[in-house]
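Visitor: Have a peek at upload.txt (compact mmCIF, C-alpha atoms).
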# COMPACT_ATOMS: atom_id res chain seq x y z
CA MET G 1 -19.31 12.17 -56.55
CA GLN G 2 -15.88 13.81 -56.23
CA THR G 3 -13.20 11.12 -56.60
CA GLN G 4 -10.01 13.10 -57.32
CA LEU G 5 -7.35 11.91 -54.90
CA ILE G 6 -6.30 15.40 -53.83
CA SER G 7 -9.88 16.14 -52.71
CA LEU G 8 -10.24 12.78 -50.98
CA LEU G 9 -6.94 13.37 -49.20
CA GLY G 10 -8.20 16.65 -47.76
CA GLU G 11 -11.35 14.98 -46.46
CA TYR G 12 -9.33 12.07 -45.04
CA LEU G 13 -6.89 14.33 -43.19
CA ARG G 14 -9.72 16.39 -41.69
CA GLU G 15 -11.27 13.20 -40.35
CA LEU G 16 -7.98 12.06 -38.84
CA SER G 17 -7.65 15.36 -37.03
CA SER G 18 -11.22 16.05 -35.92
CA LEU G 19 -12.79 12.63 -35.40
CA LYS G 20 -9.87 10.35 -34.60
CA GLY G 21 -7.81 12.82 -32.57
CA TYR G 22 -4.50 12.37 -34.37
CA SER G 23 -1.84 14.94 -33.45
CA SER G 24 -1.01 17.73 -35.89
CA ASN G 25 2.46 16.26 -36.44
CA THR G 26 1.03 12.84 -37.31
CA VAL G 27 -1.51 14.35 -39.71
CA LYS G 28 1.25 16.43 -41.33
CA SER G 29 3.38 13.30 -41.77
CA TYR G 30 0.55 11.33 -43.41
CA SER G 31 -0.24 14.32 -45.62
CA ALA G 32 3.35 14.50 -46.90
CA ASP G 33 3.54 10.75 -47.59
CA LEU G 34 0.22 10.62 -49.43
CA ARG G 35 0.86 13.79 -51.43
CA GLY G 36 4.07 12.11 -52.55
CA PHE G 37 2.05 9.25 -54.00
CA ILE G 38 -0.46 11.61 -55.63
CA ASP G 39 2.35 13.66 -57.22
CA PHE G 40 3.99 10.47 -58.48
CA GLN G 41 0.72 9.19 -59.92
CA ALA G 42 -0.01 12.58 -61.52
CA ALA G 43 3.33 12.39 -63.34
CA GLU G 44 2.57 8.83 -64.46
CA ASN G 45 -0.90 9.82 -65.68
CA GLY G 46 0.44 12.90 -67.45
CA ALA G 47 2.99 10.82 -69.33
CA ALA G 48 0.14 8.57 -70.47
CA GLY G 49 -2.04 11.53 -71.51
CA ARG G 50 -4.55 10.94 -68.71
CA ASP G 51 -6.30 13.14 -66.15
CA GLU G 52 -5.37 13.95 -62.57
CA PRO G 53 -5.21 10.94 -60.20
CA GLU G 54 -8.56 9.65 -59.01
CA ALA G 55 -9.73 6.91 -56.68
CA ARG G 56 -9.58 4.44 -59.59
CA ASP G 57 -5.78 4.95 -59.60
CA LEU G 58 -5.55 3.28 -56.19
CA THR G 59 -4.49 -0.09 -57.58
CA ILE G 60 -1.96 -2.52 -56.14
CA GLU G 61 0.24 -2.00 -59.22
CA ASN G 62 0.33 1.79 -58.74
CA LEU G 63 0.99 1.50 -55.02
CA ARG G 64 3.86 -0.93 -55.60
CA ASN G 65 5.28 1.22 -58.39
CA TYR G 66 5.35 4.21 -56.06
CA LEU G 67 7.14 2.29 -53.30
CA TRP G 68 9.60 0.97 -55.88
CA PHE G 69 10.23 4.55 -57.04
CA VAL G 70 10.80 5.70 -53.44
CA THR G 71 13.19 2.79 -52.86
CA LYS G 72 15.18 3.63 -56.01
CA GLU G 73 15.50 7.18 -54.68
CA SER G 74 17.61 5.63 -51.87
CA ALA G 75 14.97 6.09 -49.17
CA ALA G 76 15.63 4.21 -45.94
CA LYS G 77 13.64 1.07 -45.22
CA SER G 78 11.91 2.85 -42.37
CA THR G 79 10.81 5.63 -44.75
CA VAL G 80 9.41 3.15 -47.27
CA ALA G 81 7.63 1.26 -44.48
CA ARG G 82 6.11 4.49 -43.16
CA LYS G 83 4.83 5.43 -46.62
CA ALA G 84 3.38 1.95 -47.08
CA THR G 85 1.52 2.30 -43.78
CA ALA G 86 0.14 5.69 -44.83
CA LEU G 87 -1.06 4.23 -48.13
CA ARG G 88 -2.71 1.24 -46.46
CA MET G 89 -4.58 3.48 -44.04
CA PHE G 90 -5.73 5.76 -46.86
CA THR G 91 -6.93 2.95 -49.13
CA ALA G 92 -8.77 1.36 -46.19
CA TRP G 93 -10.54 4.68 -45.59
CA CYS G 94 -11.41 5.02 -49.28
CA TYR G 95 -12.83 1.49 -49.29
CA GLU G 96 -14.80 2.12 -46.08
CA HIS G 97 -16.34 5.25 -47.65
CA LYS G 98 -17.09 3.36 -50.90
CA PHE G 99 -14.80 5.42 -53.14
CA ILE G 100 -13.23 2.13 -54.29
CA LEU G 101 -14.71 -1.36 -54.58
CA VAL G 102 -11.60 -3.29 -53.50
CA ASP G 103 -8.95 -2.29 -50.95
CA PRO G 104 -5.54 -2.75 -52.65
CA GLY G 105 -3.72 -1.83 -49.44
CA LEU G 106 -4.52 -5.28 -48.05
CA ARG G 107 -1.95 -6.72 -50.49
CA LEU G 108 0.68 -4.00 -50.00
CA LYS G 109 3.67 -5.20 -48.01
CA SER G 110 6.26 -3.18 -46.12
CA PRO G 111 10.00 -3.91 -46.14
CA LYS G 112 11.26 -5.79 -43.12
CA LEU G 113 13.02 -3.42 -40.76
CA ASP G 114 16.22 -4.12 -38.88
CA ARG G 115 14.89 -2.87 -35.59
CA PRO G 116 17.72 -1.91 -33.19
CA LEU G 117 17.32 -2.72 -29.53
CA PRO G 118 16.70 0.41 -27.44
CA ALA G 119 19.48 1.86 -25.33
CA VAL G 120 18.99 1.07 -21.65
CA VAL G 121 20.65 2.56 -18.60
CA SER G 122 21.64 -0.13 -16.13
CA ALA G 123 19.94 -0.14 -12.73
CA GLU G 124 23.28 0.68 -11.10
CA ALA G 125 23.88 3.66 -13.40
CA MET G 126 20.31 4.88 -12.91
CA LYS G 127 20.78 4.85 -9.16
CA GLN G 128 23.98 6.84 -9.60
CA LEU G 129 22.28 9.34 -11.91
CA LEU G 130 19.36 9.96 -9.56
CA SER G 131 21.81 10.38 -6.69
CA TRP G 132 23.71 13.05 -8.63
CA VAL G 133 20.55 14.96 -9.49
CA ALA G 134 19.28 14.72 -5.89
CA GLU G 135 22.42 16.48 -4.65
CA THR G 136 21.29 19.68 -6.39
CA ALA G 137 17.72 19.48 -5.04
CA THR G 138 18.17 21.82 -2.05
CA VAL G 139 15.71 24.37 -0.67
CA ASP G 140 17.82 27.21 -2.03
CA ASN G 141 17.87 25.70 -5.54
CA PRO G 142 14.31 25.36 -6.92
CA THR G 143 15.69 24.44 -10.35
CA GLY G 144 17.48 21.45 -8.84
CA ILE G 145 14.28 20.40 -7.05
CA ARG G 146 12.35 20.55 -10.32
CA ASP G 147 15.02 18.64 -12.22
CA LEU G 148 14.96 15.88 -9.61
CA LEU G 149 11.20 15.57 -10.04
CA VAL G 150 11.62 15.34 -13.83
CA PHE G 151 13.99 12.38 -13.51
CA GLU G 152 12.06 10.65 -10.75
CA LEU G 153 8.77 10.84 -12.67
CA LEU G 154 10.31 9.73 -15.97
CA TYR G 155 11.90 6.69 -14.36
CA SER G 156 9.03 5.93 -11.98
CA THR G 157 6.25 6.10 -14.58
CA GLY G 158 7.88 5.51 -17.99
CA ALA G 159 6.16 8.64 -19.31
CA ARG G 160 7.21 10.14 -22.62
CA VAL G 161 8.85 13.56 -22.45
CA SER G 162 5.81 15.15 -24.13
CA GLU G 163 3.49 13.46 -21.64
CA LEU G 164 5.54 14.74 -18.72
CA ALA G 165 5.52 18.30 -20.06
CA SER G 166 1.72 18.29 -20.30
CA LEU G 167 1.10 17.25 -16.69
CA ASN G 168 -1.06 19.53 -14.56
CA LEU G 169 -1.57 19.76 -10.81
CA ASP G 170 -4.80 17.80 -11.08
CA SER G 171 -2.96 14.99 -12.92
CA ILE G 172 -1.81 13.71 -9.52
CA ASP G 173 -3.87 11.37 -7.36
CA TYR G 174 -2.00 11.78 -4.09
CA GLU G 175 -4.18 9.41 -2.10
CA ARG G 176 -3.62 6.44 -4.41
CA GLY G 177 -0.15 7.41 -5.64
CA LEU G 178 -1.23 7.54 -9.28
CA LEU G 179 -0.42 9.85 -12.17
CA SER G 180 -3.02 10.55 -14.86
CA ILE G 181 -1.15 10.62 -18.18
CA ILE G 182 -2.64 11.70 -21.50
CA GLY G 183 -0.84 9.75 -24.21
CA LYS G 184 -1.04 9.39 -27.97
CA GLY G 185 -4.50 9.87 -29.43
CA ASP G 186 -5.53 11.68 -26.21
CA LYS G 187 -5.83 8.31 -24.46
CA GLN G 188 -5.65 8.49 -20.68
CA ARG G 189 -3.85 5.95 -18.53
CA MET G 190 -3.24 5.79 -14.79
CA VAL G 191 0.32 4.96 -13.76
CA PRO G 192 1.57 4.46 -10.18
CA PHE G 193 4.64 6.32 -8.96
CA GLY G 194 7.01 5.21 -6.21
CA GLU G 195 8.02 6.68 -2.87
CA PRO G 196 11.14 8.51 -4.17
CA ALA G 197 9.02 10.23 -6.83
CA SER G 198 6.41 11.07 -4.18
CA ARG G 199 9.06 12.72 -2.00
CA ALA G 200 10.43 14.67 -4.97
CA LEU G 201 6.89 15.79 -5.80
CA ASP G 202 6.23 16.99 -2.24
CA LEU G 203 9.52 18.90 -2.19
CA TRP G 204 8.73 20.59 -5.52
CA LEU G 205 5.21 21.60 -4.51
CA GLN G 206 6.33 22.93 -1.13
CA GLU G 207 9.73 24.48 -1.86
CA GLY G 208 10.21 24.75 -5.64
CA ARG G 209 7.05 25.54 -7.56
CA PRO G 210 5.92 28.42 -5.30
CA VAL G 211 9.21 30.23 -6.09
CA PHE G 212 8.64 30.06 -9.87
CA MET G 213 4.86 30.44 -9.86
CA ASN G 214 3.23 33.58 -11.31
CA GLU G 215 0.14 34.60 -13.30
CA GLN G 216 1.42 32.71 -16.36
CA SER G 217 1.75 29.40 -14.55
CA GLY G 218 -1.85 28.22 -14.62
CA ASP G 219 -2.11 24.66 -13.34
CA ALA G 220 1.06 23.38 -15.05
CA LEU G 221 2.97 21.02 -12.78
CA LEU G 222 6.47 21.75 -14.07
CA LEU G 223 7.56 25.37 -14.48
CA THR G 224 10.50 27.33 -15.80
CA ALA G 225 12.19 30.00 -13.71
CA LYS G 226 9.92 32.52 -15.52
CA GLY G 227 6.80 30.72 -14.35
CA LYS G 228 5.86 29.23 -17.73
CA ARG G 229 5.15 25.56 -18.40
CA LEU G 230 8.38 23.61 -18.85
CA GLY G 231 8.53 22.60 -22.52
CA VAL G 232 9.40 19.36 -24.26
CA ARG G 233 12.62 20.76 -25.71
CA GLN G 234 13.78 21.97 -22.28
CA ILE G 235 13.10 18.60 -20.68
CA PHE G 236 14.78 16.83 -23.58
CA ASP G 237 17.94 18.94 -23.23
CA LEU G 238 18.01 18.53 -19.44
CA VAL G 239 17.74 14.75 -19.56
CA ALA G 240 20.13 14.30 -22.50
CA LYS G 241 22.76 16.44 -20.79
CA ASN G 242 22.67 14.34 -17.62
CA LEU G 243 22.55 11.03 -19.50
CA ALA G 244 25.72 12.07 -21.31
CA ALA G 245 27.56 12.02 -17.99
CA ILE G 246 26.64 8.43 -17.12
CA PRO G 247 29.69 6.14 -17.36
CA LEU G 248 27.73 2.90 -16.99
CA VAL G 249 25.24 1.72 -19.60
CA SER G 250 23.95 -1.81 -20.18
CA PRO G 251 26.62 -3.43 -22.39
CA GLY G 252 25.77 -4.40 -25.93
CA VAL G 253 22.23 -3.05 -25.88
CA GLY G 254 21.08 -0.37 -28.28
CA ALA G 255 22.77 2.50 -30.02
CA GLY G 256 23.90 4.07 -26.77
CA ALA G 257 25.78 1.08 -25.40
CA GLY G 258 28.85 2.04 -23.48
CA LYS G 259 28.26 5.78 -23.35
CA GLY G 260 25.30 7.79 -22.12
CA GLY G 261 25.93 10.61 -24.57
CA ALA G 262 24.63 8.52 -27.46
CA MET G 263 21.20 8.19 -25.83
CA GLY G 264 18.25 10.54 -25.76
CA PRO G 265 15.73 10.95 -22.94
CA HIS G 266 13.67 8.05 -24.32
CA ALA G 267 16.30 5.88 -22.66
CA MET G 268 14.55 6.66 -19.35
CA ARG G 269 11.37 5.09 -20.73
CA HIS G 270 13.29 2.13 -22.15
CA SER G 271 15.01 1.61 -18.81
CA PHE G 272 11.71 1.79 -16.92
CA ALA G 273 10.23 -0.98 -19.08
CA THR G 274 13.33 -3.18 -19.12
CA HIS G 275 13.89 -2.97 -15.36
CA LEU G 276 10.23 -3.89 -14.75
CA LEU G 277 10.59 -7.01 -16.90
CA ASP G 278 13.91 -7.86 -15.27
CA GLY G 279 12.13 -7.64 -11.91
CA GLY G 280 9.42 -10.09 -12.96
CA ALA G 281 6.61 -7.86 -14.25
CA ASP G 282 4.43 -9.44 -16.93
CA LEU G 283 4.41 -8.06 -20.46
CA ARG G 284 0.73 -7.06 -20.43
CA SER G 285 1.22 -4.91 -17.34
CA VAL G 286 4.20 -3.16 -18.90
CA GLN G 287 2.14 -2.57 -22.04
CA GLU G 288 -0.56 -0.86 -19.97
CA LEU G 289 1.96 1.26 -18.09
CA LEU G 290 3.66 2.41 -21.30
CA GLY G 291 0.37 3.10 -23.06
CA HIS G 292 1.21 0.89 -26.05
CA ALA G 293 -1.81 0.08 -28.22
CA ASN G 294 -0.09 -3.03 -29.58
CA LEU G 295 1.60 -5.70 -27.46
CA ALA G 296 4.14 -6.26 -30.26
CA THR G 297 5.56 -2.78 -29.55
CA THR G 298 6.20 -3.77 -25.93
CA GLN G 299 7.79 -7.10 -26.85
CA ILE G 300 11.00 -5.36 -27.95
CA TYR G 301 11.86 -5.08 -24.25
CA THR G 302 11.83 -8.85 -23.81
CA HIS G 303 14.64 -8.95 -26.37
CA VAL G 304 16.52 -6.32 -24.39
CA SER G 305 16.25 -8.44 -21.24
CA VAL G 306 17.50 -11.52 -23.11
CA GLU G 307 20.46 -9.54 -24.45
CA ARG G 308 21.30 -8.38 -20.92
CA LEU G 309 21.11 -11.99 -19.72
CA ARG G 310 23.38 -13.14 -22.55
CA ASP G 311 25.92 -10.42 -21.76
CA SER G 312 25.95 -11.39 -18.08
CA TYR G 313 26.48 -15.03 -19.06
CA LYS G 314 29.39 -14.18 -21.35
CA GLN G 315 31.06 -12.10 -18.68
CA ALA G 316 30.56 -14.54 -15.81
CA HIS G 317 30.72 -18.09 -17.18
CA PRO G 318 34.20 -19.58 -17.74
CA ARG G 319 32.99 -21.64 -20.73
CA ALA G 320 30.92 -18.89 -22.37
Please express what this file holds, its structure, as structure tokens.
Guide:
Amino acid sequence: MQTQLISLLGEYLRELSSLKGYSSNTVKSYSADLRGFIDFQAAENGAAGRDEPEARDLTIENLRNYLWFVTKESAAKSTVARKATALRMFTAWCYEHKFILVDPGLRLKSPKLDRPLPAVVSAEAMKQLLSWVAETATVDNPTGIRDLLVFELLYSTGARVSELASLNLDSIDYERGLLSIIGKGDKQRMVPFGEPASRALDLWLQEGRPVFMNEQSGDALLLTAKGKRLGVRQIFDLVAKNLAAIPLVSPGVGAGAGKGGAMGPHAMRHSFATHLLDGGADLRSVQELLGHANLATTQIYTHVSVERLRDSYKQAHPRA
């Protein structure tokens, strides 16, 4: 049985891609992290006069030595944590396929991360932003109509920029006011959208999209002026540019506090989640709407809401 790590890695990556539906970027990231370990172990084995790394080299000592080496190379905590995750997943796969008798990844710990709170646009600033964008959405400006729909859908559904770019005409359930979103791992979720987003959608389909549509358009919902599907990079630039003009951002929250220019388009998603929780939505519902596999990922927004509450207290209470 072939047990060289480089061969096992190839088999593992093919399974991630074909059977588990991981994106090409995710597979590429895991490949780089695991090849780093294999290269490190090859150097260690060579110095000891041994052969190329094999499954038997997947020991807790070797895994820890590699993470220690990466840390000494001044890698960020987040980088070390990511590599530890990649190693744990790989050793679990090797154990599951009986290439090793014990899974050393179970004992491999990641460094604790100082997780910053996400930047959030205040409800007041969001209203102002959407008002600005709506002013350009006139029948003689199809680009403005499309841009309004981009912002309304991002804020109304909490979709990621990549998810928004991949929407098709049949992603919309008009009768029930739902959007079918394909998220990470090709998982589908149904997310409701509000009346303002519905109006922006109607305006785009009636007055905007027909102007841009051509034989290249297919069933893509959002189009460029040349009739092609609007890409992730284009949406990112559009949203970031408009966020940079926002003078009001939730104070003391996230890297973008105080100035919209420091925030990327993911701030729309952060704002969607935080405003839902501020309005009384339960955490499980927000998790479903965001498409988070783990509730712990969603819980960061409860901290954001607490920070907003603390800031309001400090500003308003005379004895704060």
Visitor: Could you work out how far atom CA of G:Arg50 lies from atom CA of G:Tyr12, giving the answer in Å with one decimal?
Guide: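 It comes out at 24.2 Å.
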Visitor: Of the candidates G:Arg189, G:Arg233, G:Leu277, G:Leu8, which shows the shortest atom-to-atom distance to G:Lys98, using only C-alpha atoms?
Guide: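 When distances to G:Lys98 are compared using only C-alpha atoms, the smallest one comes from G:Leu8.
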Visitor: Between atom CA of G:Leu167 and atom CA of G:Leu179, what is the spacing in Å?
Guide: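 If I compute the distance from atom CA of G:Leu179 to atom CA of G:Leu167, I get 8.8 Å.
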Visitor: Using all atoms listed in the file, find the one residue out of G:Glu152, G:Asp202, G:Arg160, G:Gly264 that sits nearest to G:Asp237.
Guide: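 Comparing G:Glu152, G:Asp202, G:Arg160, G:Gly264 against G:Asp237, the winner is G:Gly264.
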Visitor: Within 12 Å of stretch 172-178 of chain G, which residues of stretch 100-160 of chain G show up? Give each one with its shortest atom-to-atom distance in Å (one decimal) and the two atoms involved, counting only C-alpha atoms, rows by chain then rising residue number, as CSV.
Guide:
residue,atom,partner,partner_atom,distance
G:Leu153,CA,G:Leu178,CA,11.1
G:Ser156,CA,G:Leu178,CA,10.7
G:Thr157,CA,G:Leu178,CA,9.3
Visitor: For G:Arg35, list every protein, DNA or RNA residue within 12 Å, evaluated using all atoms listed in the file, and leave out those in the same chain fewer than 3 positions away; present the list as a list in words.
Guide: Leu5, Ile6, Ser7, Leu8, Leu9, Gly10, Leu13, Val27, Lys28, Ser29, Tyr30, Ser31, Ala32, Ile38, Asp39, Phe40, Gln41, Ala42, Pro53, Tyr66, Lys83, Ala86, Leu87 and Phe90 of chain G
Visitor: Could you take the residues named above and write them with C-alpha atoms, as a compact mmCIF listing (two decimals), in the coordinates of the input?
Guide:
# COMPACT_ATOMS: atom_id res chain seq x y z
CA LEU G 5 -7.35 11.91 -54.90
CA ILE G 6 -6.30 15.40 -53.83
CA SER G 7 -9.88 16.14 -52.71
CA LEU G 8 -10.24 12.78 -50.98
CA LEU G 9 -6.94 13.37 -49.20
CA GLY G 10 -8.20 16.65 -47.76
CA LEU G 13 -6.89 14.33 -43.19
CA VAL G 27 -1.51 14.35 -39.71
CA LYS G 28 1.25 16.43 -41.33
CA SER G 29 3.38 13.30 -41.77
CA TYR G 30 0.55 11.33 -43.41
CA SER G 31 -0.24 14.32 -45.62
CA ALA G 32 3.35 14.50 -46.90
CA ILE G 38 -0.46 11.61 -55.63
CA ASP G 39 2.35 13.66 -57.22
CA PHE G 40 3.99 10.47 -58.48
CA GLN G 41 0.72 9.19 -59.92
CA ALA G 42 -0.01 12.58 -61.52
CA PRO G 53 -5.21 10.94 -60.20
CA TYR G 66 5.35 4.21 -56.06
CA LYS G 83 4.83 5.43 -46.62
CA ALA G 86 0.14 5.69 -44.83
CA LEU G 87 -1.06 4.23 -48.13
CA PHE G 90 -5.73 5.76 -46.86
Visitor: Which residues, protein or nucleic acid, reach to within 12 Å of (8.8, 31.0, -19.0) in the file's coordinates when using only C-alpha atoms, and can you give that as a list in words?
Guide: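 These residues have at least one counted atom within 12 Å: Phe212, Met213, Asn214, Glu215, Gln216, Ser217, Gly218, Ala220, Leu222, Leu223, Thr224, Ala225, Lys226, Gly227, Lys228, Arg229, Leu230, Gly231 and Gln234 of chain G.
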Visitor: How many Å lie between atom CA of G:Ser131 and atom CA of G:Glu207, rounded to one decimal?
Guide: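 Atom CA of G:Ser131 sits 19.2 Å away from atom CA of G:Glu207.
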Visitor: Between G:Asn168, G:Asn62, G:Pro142, G:Ala137, which has the minimum distance to G:Arg199 (counting only C-alpha atoms)?
Guide: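 Ranking G:Asn168, G:Asn62, G:Pro142, G:Ala137 by distance to G:Arg199, first place goes to G:Ala137.
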Visitor: Looking at only C-alpha atoms, which of G:Leu201, G:Leu154, G:Leu169, G:Leu19 is the one that sits closest to G:Met126?
Guide: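 So, comparing all the options, the nearest one is G:Leu154.
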Visitor: Residues of stretch 164-189 of chain G within 10 Å of stretch 278-293 of chain G: nearest atom pair and distance (Å, one decimal) for each, counting all atoms listed in the file, sorted by chain and number, as a Markdown table?
Guide:
| residue | atom | partner | partner_atom | distance |
| --- | --- | --- | --- | --- |
| G:Ile181 | CA | G:Gly291 | CA | 9.1 |
| G:Ile182 | CA | G:Gly291 | CA | 9.2 |
| G:Gly183 | CA | G:Gly291 | CA | 6.9 |
| G:Lys184 | CA | G:Gly291 | CA | 8.1 |
| G:Lys187 | CA | G:Gly291 | CA | 8.2 |
| G:Gln188 | CA | G:Gly291 | CA | 8.4 |
| G:Arg189 | CA | G:Gly291 | CA | 6.8 |
Visitor: Neighbouring residues of G:Gly105 were defined as those with any atom within 7 Å, considering only C-alpha atoms; residues of the same chain fewer than 2 positions away were excluded. Please report them as a ChimeraX atom specification.
Guide: /G:60,87-88,91-92,103,107-108
Visitor: So that I can see what lies close to G:Ile235, please list as a PyMOL selection string the residues with an atom at most 10 Å from it, counting all atoms listed in the file and leaving out residues fewer than 2 positions away in the same chain.
Guide: chain G and resi 147+150-151+161-162+164-165+222+230-233+237-241+265
Visitor: Here is a test: counting only C-alpha atoms, which residue of G:Ile300, G:Leu203, G:Leu101, G:Val120 is nearest to G:Asp140?
Guide: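 Between G:Ile300, G:Leu203, G:Leu101, G:Val120, the residue approaching G:Asp140 most closely is G:Leu203.
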Visitor: Rank nothing, just name the residue among G:His270, G:Arg64, G:His275, G:Arg146 nearest to G:Val133, using all atoms listed in the file.
Guide: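 Smallest separation from G:Val133 among the options: G:Arg146.
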Visitor: Would you mind putting back N, CA and C atoms on stretch 28-50 of chain G, then writing it out as a short mmCIF file (atom, residue, chain, number, x, y, z; two decimals), keeping the file's coordinate frame?
Guide:
data_model
loop_
_atom_site.label_atom_id
_atom_site.label_comp_id
_atom_site.auth_asym_id
_atom_site.auth_seq_id
_atom_site.Cartn_x
_atom_site.Cartn_y
_atom_site.Cartn_z
N LYS G 28 0.32 15.80 -40.38
CA LYS G 28 1.25 16.43 -41.33
C LYS G 28 2.12 15.37 -42.00
N SER G 29 2.55 14.37 -41.23
CA SER G 29 3.38 13.30 -41.77
C SER G 29 2.61 12.47 -42.81
N TYR G 30 1.37 12.09 -42.46
CA TYR G 30 0.55 11.33 -43.41
C TYR G 30 0.28 12.15 -44.66
N SER G 31 0.03 13.44 -44.48
CA SER G 31 -0.24 14.32 -45.62
C SER G 31 0.94 14.32 -46.59
N ALA G 32 2.15 14.46 -46.06
CA ALA G 32 3.35 14.50 -46.90
C ALA G 32 3.54 13.19 -47.65
N ASP G 33 3.35 12.06 -46.96
CA ASP G 33 3.54 10.75 -47.59
C ASP G 33 2.51 10.51 -48.70
N LEU G 34 1.27 10.87 -48.45
CA LEU G 34 0.22 10.62 -49.43
C LEU G 34 0.28 11.60 -50.59
N ARG G 35 0.68 12.83 -50.33
CA ARG G 35 0.86 13.79 -51.43
C ARG G 35 2.00 13.33 -52.34
N GLY G 36 2.99 12.66 -51.74
CA GLY G 36 4.07 12.11 -52.55
C GLY G 36 3.55 11.10 -53.55
N PHE G 37 2.64 10.24 -53.09
CA PHE G 37 2.05 9.25 -54.00
C PHE G 37 1.21 9.94 -55.08
N ILE G 38 0.42 10.93 -54.67
CA ILE G 38 -0.46 11.61 -55.63
C ILE G 38 0.38 12.34 -56.69
N ASP G 39 1.47 12.97 -56.26
CA ASP G 39 2.35 13.66 -57.22
C ASP G 39 2.98 12.65 -58.19
N PHE G 40 3.40 11.52 -57.64
CA PHE G 40 3.99 10.47 -58.48
C PHE G 40 2.97 9.96 -59.50
N GLN G 41 1.75 9.72 -59.02
CA GLN G 41 0.72 9.19 -59.92
C GLN G 41 0.30 10.24 -60.95
N ALA G 42 0.32 11.50 -60.57
CA ALA G 42 -0.01 12.58 -61.52
C ALA G 42 0.99 12.60 -62.66
N ALA G 43 2.28 12.42 -62.32
CA ALA G 43 3.33 12.39 -63.34
C ALA G 43 3.15 11.19 -64.26
N GLU G 44 2.81 10.05 -63.67
CA GLU G 44 2.57 8.83 -64.46
C GLU G 44 1.37 9.02 -65.40
N ASN G 45 0.30 9.59 -64.86
CA ASN G 45 -0.90 9.82 -65.68
C ASN G 45 -0.64 10.83 -66.79
N GLY G 46 0.13 11.88 -66.45
CA GLY G 46 0.44 12.90 -67.45
C GLY G 46 1.22 12.32 -68.60
N ALA G 47 2.17 11.44 -68.28
CA ALA G 47 2.99 10.82 -69.33
C ALA G 47 2.14 9.94 -70.25
N ALA G 48 1.02 9.44 -69.68
CA ALA G 48 0.14 8.57 -70.47
C ALA G 48 -1.02 9.35 -71.09
N GLY G 49 -0.99 10.69 -70.94
CA GLY G 49 -2.04 11.53 -71.51
C GLY G 49 -3.37 11.39 -70.80
N ARG G 50 -3.32 11.11 -69.48
CA ARG G 50 -4.55 10.94 -68.71
C ARG G 50 -4.78 12.11 -67.77
#
